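Asker: Could you have a look at this structure, given as C-alpha cells, before my questions?
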Amino acid sequence: MAMKITDECVCCGYCTSACPVGAITQKNEEMYEIDPDKCVECKGYRESPGCADVCSVGCIVRA
Amino acid sequence: MAIGTGNYETDVLVVGGGGAGLASAIAAAEKGCKSIMVLEKAGTPAGSTSMAHDIFAAESPVQKRAGVDAPRDILFKTAMEWAHWSKINPRLVRAFIDKSGDTIRWLEGKGLRFELIQFYPNQVPLVRHSVIGHGTELMKILRKSCEDLGVRVLTRTRGKKILRDGEGHVTGVVADTKEGEITVRAKGVVVTTGGYGNNKEMLKKYCAYYKDNMTYDGLPSNTGDGIAMAVDAGAATDGLGVLNLHGPYVGSKQRVTFRVDAKGPDGNPVLMTLLYVAWEPETLWVNKHGRRFMDEAFDLAFFAQGNAVAQQPDGLVYTLFDSANLERMEKEGLIRPGAAARAIWLPMEAYTPLPGLVNAVRAQAGEDLMMSDSWDEIAAWMGADPTTLKTTIDEYNTAFDLSHDGLFAKDRRYLRPLRKAPFYAIRGHASICEALGGIKINEKMEALDIEDKVVPGLYAAGSTAGCWESESYCYRLTGHLVGFALNSGRIAGENAAAYVTR
C-alpha cells in the first residue's frame with residue numbers, strides 16, 4: 001500500500017508539504033519519489049492521499 | 001506527449017511548455033497556423049504556471065459581471081508608478097494590460113472558472129482572478145486545447161541552440177532528449193522557458209539582493225536556458241536581475257509538516273508548517289543583530305515583505321513571539337493563513353481555531369525554532385547581542401502599552417507584547433518566487449538585438465522575457481506573473497503565426 005510518482009513529474013514539490021509522514025523526498029532535478037515503506041496513503045490522516053490531491057500535474061498514482 | 005527522437009519540421013516552434021508556451025501555441029493555431037510544436041524540458045508541459053493560483057486582468061468579463069470597475073488606464077498607471085516609470089517598457093506593459101481582459105474571456109471559453117478576491121486588505125480594484133482548481137486546472141485546460149488543435153508536444157526535451165540562416169532569419173532549434181540530440185526546423189520560434197530562479201550562477205551575476213541562503217519556490221527546470229539560447233543567437237537582454245521574493249520563509253522547499261486537530265476547507269485534518277506561524281502579523285521580526293527592520297503587518301501580503309527580509313545581514317530574520325501569542329493562535333487561529341493559497345492542508349479561512357498547535361510547535365524545537373524562558377539564551381542562539389535584543393523587545397512592548405509604534409507605525413491592532421514565557425524564535429530567510437528579466441522584446445513580443453532591431457522569426461514571452469517588472473513583485477497587479485505569461489504568450493503566438501504565414 002503506497003503511492004507512486006510517475007515520469008510526468010515536474011518536480012514542483014507540493015507533494016512533500018502534503019505528506020503527513022515525511023515519505024516524499026526529491027530524487028533529482030527531475031523527480032520526487034515516495035518511500036513505499038513509509039507511505040500509508042494518508043490512512044488515518046485524510047480521506048484521500050494528500051500528495052495526489054495537491055500534485056500540480058496529476059502524476060501521483062497508487063503503486 | 002512523446003519523447004523526441006530524430007528530426008522534425010514545423011511552422012511555429014515553442015521552446016518551453018508552461019503558461020506562456022502553451023498560450024502562444026494555442027494562439028498560433030487559432031490564427032490559422034497548421035503546424036506547431038512545443039518542446040518541454042520537464043515531464044509534463046506545466047511550468048511555473050501550474051504551481052500558481054491567480055491571473056491578473058483588467059476589464060475582464062468576470063469583473064464586469066461582478067460590477068468591478070478595473071480600468072486599463074488606471075492599472076497601467078499603477079504599474080508604471082510602481083516602477084517609477086523606469087526599468088520597464090511602457091509599451092510592453094500597456095500591451096499586456098490591454099490584452100488581459102480578453103484573456104479571461106478566452107479562458108472562460110475553454111471552461112476555466114474564476115473567483116475575484118483580494119490579495120491584501122482594502123485592495124481596489126479587484127484584479128486577482130483566482131483560478132478555480134489553481135494553475136493545475138489552468139494548465140490541464142491548455143494541454144487539452146493543444147491536443148484538440150493538433151499541437152505536437154515533446155517532453156523531456158531541452159532546447160539548447162537557436163539556428164539562423166545567412167540572412168539572419170530563425171530556422172529552427174537544436175534540442176537534447178534522453179535518446180540524443182534532435183533538430184527541429186521551424187519558420188518561427190517562440191522562447192518561453194521561464195525564469196532563472198534555479199540558476200545560482202545567473203542569480204549571483206545579475207541579482208544584487210541575492211543571498212546564498214535563499215530558497216527557490218519554482219521548478220528546478222527554470223535555469224534560464226532560453227535566455228542563454230537567445231543571447232547566443234544574437235538577441236539582447238533587458239532588465240536582468242529582478243527578484244520576486246517571499247518572506248520570511250522557513251526551512252527548505254521540502255517542508256516539515258505537523259498535524260493539528262482542525263479541519264481544512266476540504267474536511268480533512270490540517271497539516272501545518274512553521275512557515276505559517278512565522279508569517280503572523282502579530283509577531284515581532286528582527287534581524288540577526290536583534291534589531292527590528294519592518295512593519296510586520298505591512299499589507300499582510302508575503303510579497304510585501306520579501307525584499308526587506310532579503311536585505312538583512314546574511315539574509316537572516318527571526319520571528320519572535322511569546323506563549324500568550326501562540327496560545328492565541330491555537331485558540332483563535334491564524335490571521336493570514338491563506339498566504340499559500342494552494343495549500344489544501346491549511347485552514348483557508350482566517351481565525352480557524354487550531355487545537356493542538358501549541359504542543360505541535362513546541363515539538364518542532366531544533367534547527368529552525370528556539371524555545372526558551374530566557375531572551376539571553378535566544379540571543380545566544382541567534383548570535384545577537386542580548387542587550388540589543390532585550391532593548392528591541394522592551395521598545396516593542398512599550399509600543400503595545402502606548403498603543404503606538406513610534407518606530408515603524410505598525411497598525412495598533414497587530415501590536416502584541418512578548419511577556420509570557422516560554423518565548424519562541426523562528427529562523428527565516430527570503431525565498432525566490434522567480435528571477436526575472438531576460439530576452440529583450442518589443443510590444444509584439446519580437447526579440448530584439450543590441451541595436452533594437454528585430455531578430456526575424458524570434459519571439460519571447462513570459463518570465464523568459466525582460467523589462468516588464470521593476471524591482472519587486474508588483475502585487476497591486478496581483479497575478480501579473482501568470483497574467484504576463486498568458487498575455488505575452490498569446491501576443492507572441494499570434495504574431496509568430498502571422499510571420500510564418502506572411
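Just remember, in the C-alpha cells the first chain shown is A, the second B, etc., residues are 1-based per chain, and ligands are 1-based in the order shown.
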Taking only C-alpha atoms into account, find every residue of chain B that has an atom no more than 6 Å from chain A, and write it out as an NGL selection string.
Answerer: :B and (42-44 or 50 or 136 or 219-220 or 254-255 or 268)
Asker: Within 9 Å of B:Ile132, counting only C-alpha atoms, which residues show up once you throw out same-chain ones fewer than 5 positions away? Write them as a list in words, please.
Answerer: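 Surrounding residues, per the criterion: His53, Leu112, Arg113, Phe114, Glu115, Glu137 and Leu138 of chain B.
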Asker: Write to file, as a compact mmCIF listing (two decimals), in the first residue's frame, the residues of the selection just made, with N, CA and C atoms.
Answerer:
```
# COMPACT_ATOMS: atom_id res chain seq x y z
N HIS B 53 -1.76 30.37 -8.86
CA HIS B 53 -3.16 30.39 -8.45
C HIS B 53 -3.99 31.46 -9.14
N LEU B 112 -12.59 27.40 -18.07
CA LEU B 112 -12.00 27.77 -16.78
C LEU B 112 -12.93 28.72 -16.02
N ARG B 113 -12.93 28.61 -14.69
CA ARG B 113 -13.77 29.48 -13.87
C ARG B 113 -12.90 30.24 -12.87
N PHE B 114 -13.40 31.41 -12.46
CA PHE B 114 -12.60 32.30 -11.62
C PHE B 114 -13.39 32.81 -10.43
N GLU B 115 -12.63 33.22 -9.43
CA GLU B 115 -13.21 33.90 -8.27
C GLU B 115 -12.40 35.18 -8.11
N GLU B 137 -5.42 23.26 -12.88
CA GLU B 137 -6.59 23.19 -13.76
C GLU B 137 -6.36 24.04 -15.01
N LEU B 138 -5.75 25.21 -14.82
CA LEU B 138 -5.46 26.08 -15.96
C LEU B 138 -4.60 25.35 -16.99
```
Asker: Out of stretch 20-61 of chain A, which residues get alpha helix (DSSP H) from DSSP, as an MDAnalysis selection string?
Answerer: chainID A and resid 50:54
Asker: Near B:Trp468, counting only C-alpha atoms, which residues have an atom at most 12 Å away, once you skip same-chain residues fewer than 2 positions from it, shown as an MDAnalysis selection string?
Answerer: chainID B and resid 76 79:80 82:83 85:97 238:240 242 436:443 445 461:466 470:474 480:481 483:485 488
Asker: Write out as a list of chain:residue names the residues lying within 7 Å of A:Ile5, counting only C-alpha atoms and excluding same-chain residues fewer than 6 positions away.
Answerer: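 The residues satisfying every condition are A:Tyr32, A:Glu33, A:Ile34, A:Cys59, A:Ile60, A:Val61.
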Asker: Pull C-alpha atoms from the residues just selected and write them as a short mmCIF file (atom, residue, chain, number, x, y, z; two decimals), in the first residue's frame.
Answerer:
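Resulting contents of part.cif:
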```cif
data_model
loop_
_atom_site.label_atom_id
_atom_site.label_comp_id
_atom_site.auth_asym_id
_atom_site.auth_seq_id
_atom_site.Cartn_x
_atom_site.Cartn_y
_atom_site.Cartn_z
CA TYR A 32 10.39 13.47 -6.41
CA GLU A 33 9.97 9.97 -5.03
CA ILE A 34 7.86 8.27 -2.37
CA CYS A 59 1.21 12.40 -11.78
CA ILE A 60 0.81 10.58 -8.44
CA VAL A 61 -0.99 7.22 -8.52
#
```
Asker: Identify which of the residues B:Gln123, B:Gln312, B:Gln63, B:Thr223 lies closest to B:Gly428, counting only C-alpha atoms when measuring atom-to-atom distances.
Answerer: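 Of the candidates, the smallest distance to B:Gly428 is held by B:Gln312.
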Asker: Compile the contact shell of B:Lys204 as a PyMOL selection string: residues with an atom at most 12 Å away, counting only C-alpha atoms, same-chain residues fewer than 6 positions apart removed.
Answerer: chain B and resi 196-198+210-212+214+240-243+435
Asker: So which residues of stretch 61-295 of chain B fall under strand (DSSP E or B) by DSSP, listed as a ChimeraX atom specification?
Answerer: /B:114-116,128-131,152-155,158-164,170-177,180-191,215-216,237-249,258-263,269-272,284-287,292
Asker: Could you please determine the separation between atom CA of B:Asp225 and atom CA of B:Thr193 in Å, to one decimal place?
Answerer: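 Going from atom CA of B:Asp225 over to atom CA of B:Thr193 covers 6.6 Å.
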Asker: Env of A:Met1: 12 Å cut, atoms = only C-alpha atoms, seq-sep filter 6 positions within chain, self excluded. Answer as a list in words.
Answerer: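 Returned residues: Ile34, Asp35, Pro36, Asp37, Lys38, Cys39, Val40, Glu41, Cys42, Lys43, Pro49, Val61, Arg62 and Ala63 of chain A.
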Asker: Find the distance between atom CA of B:Gly32 and atom CA of B:Gly16 and write it in Å to one decimal.
Answerer: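 We find that atom CA of B:Gly32 and atom CA of B:Gly16 lie 21.1 Å from each other.
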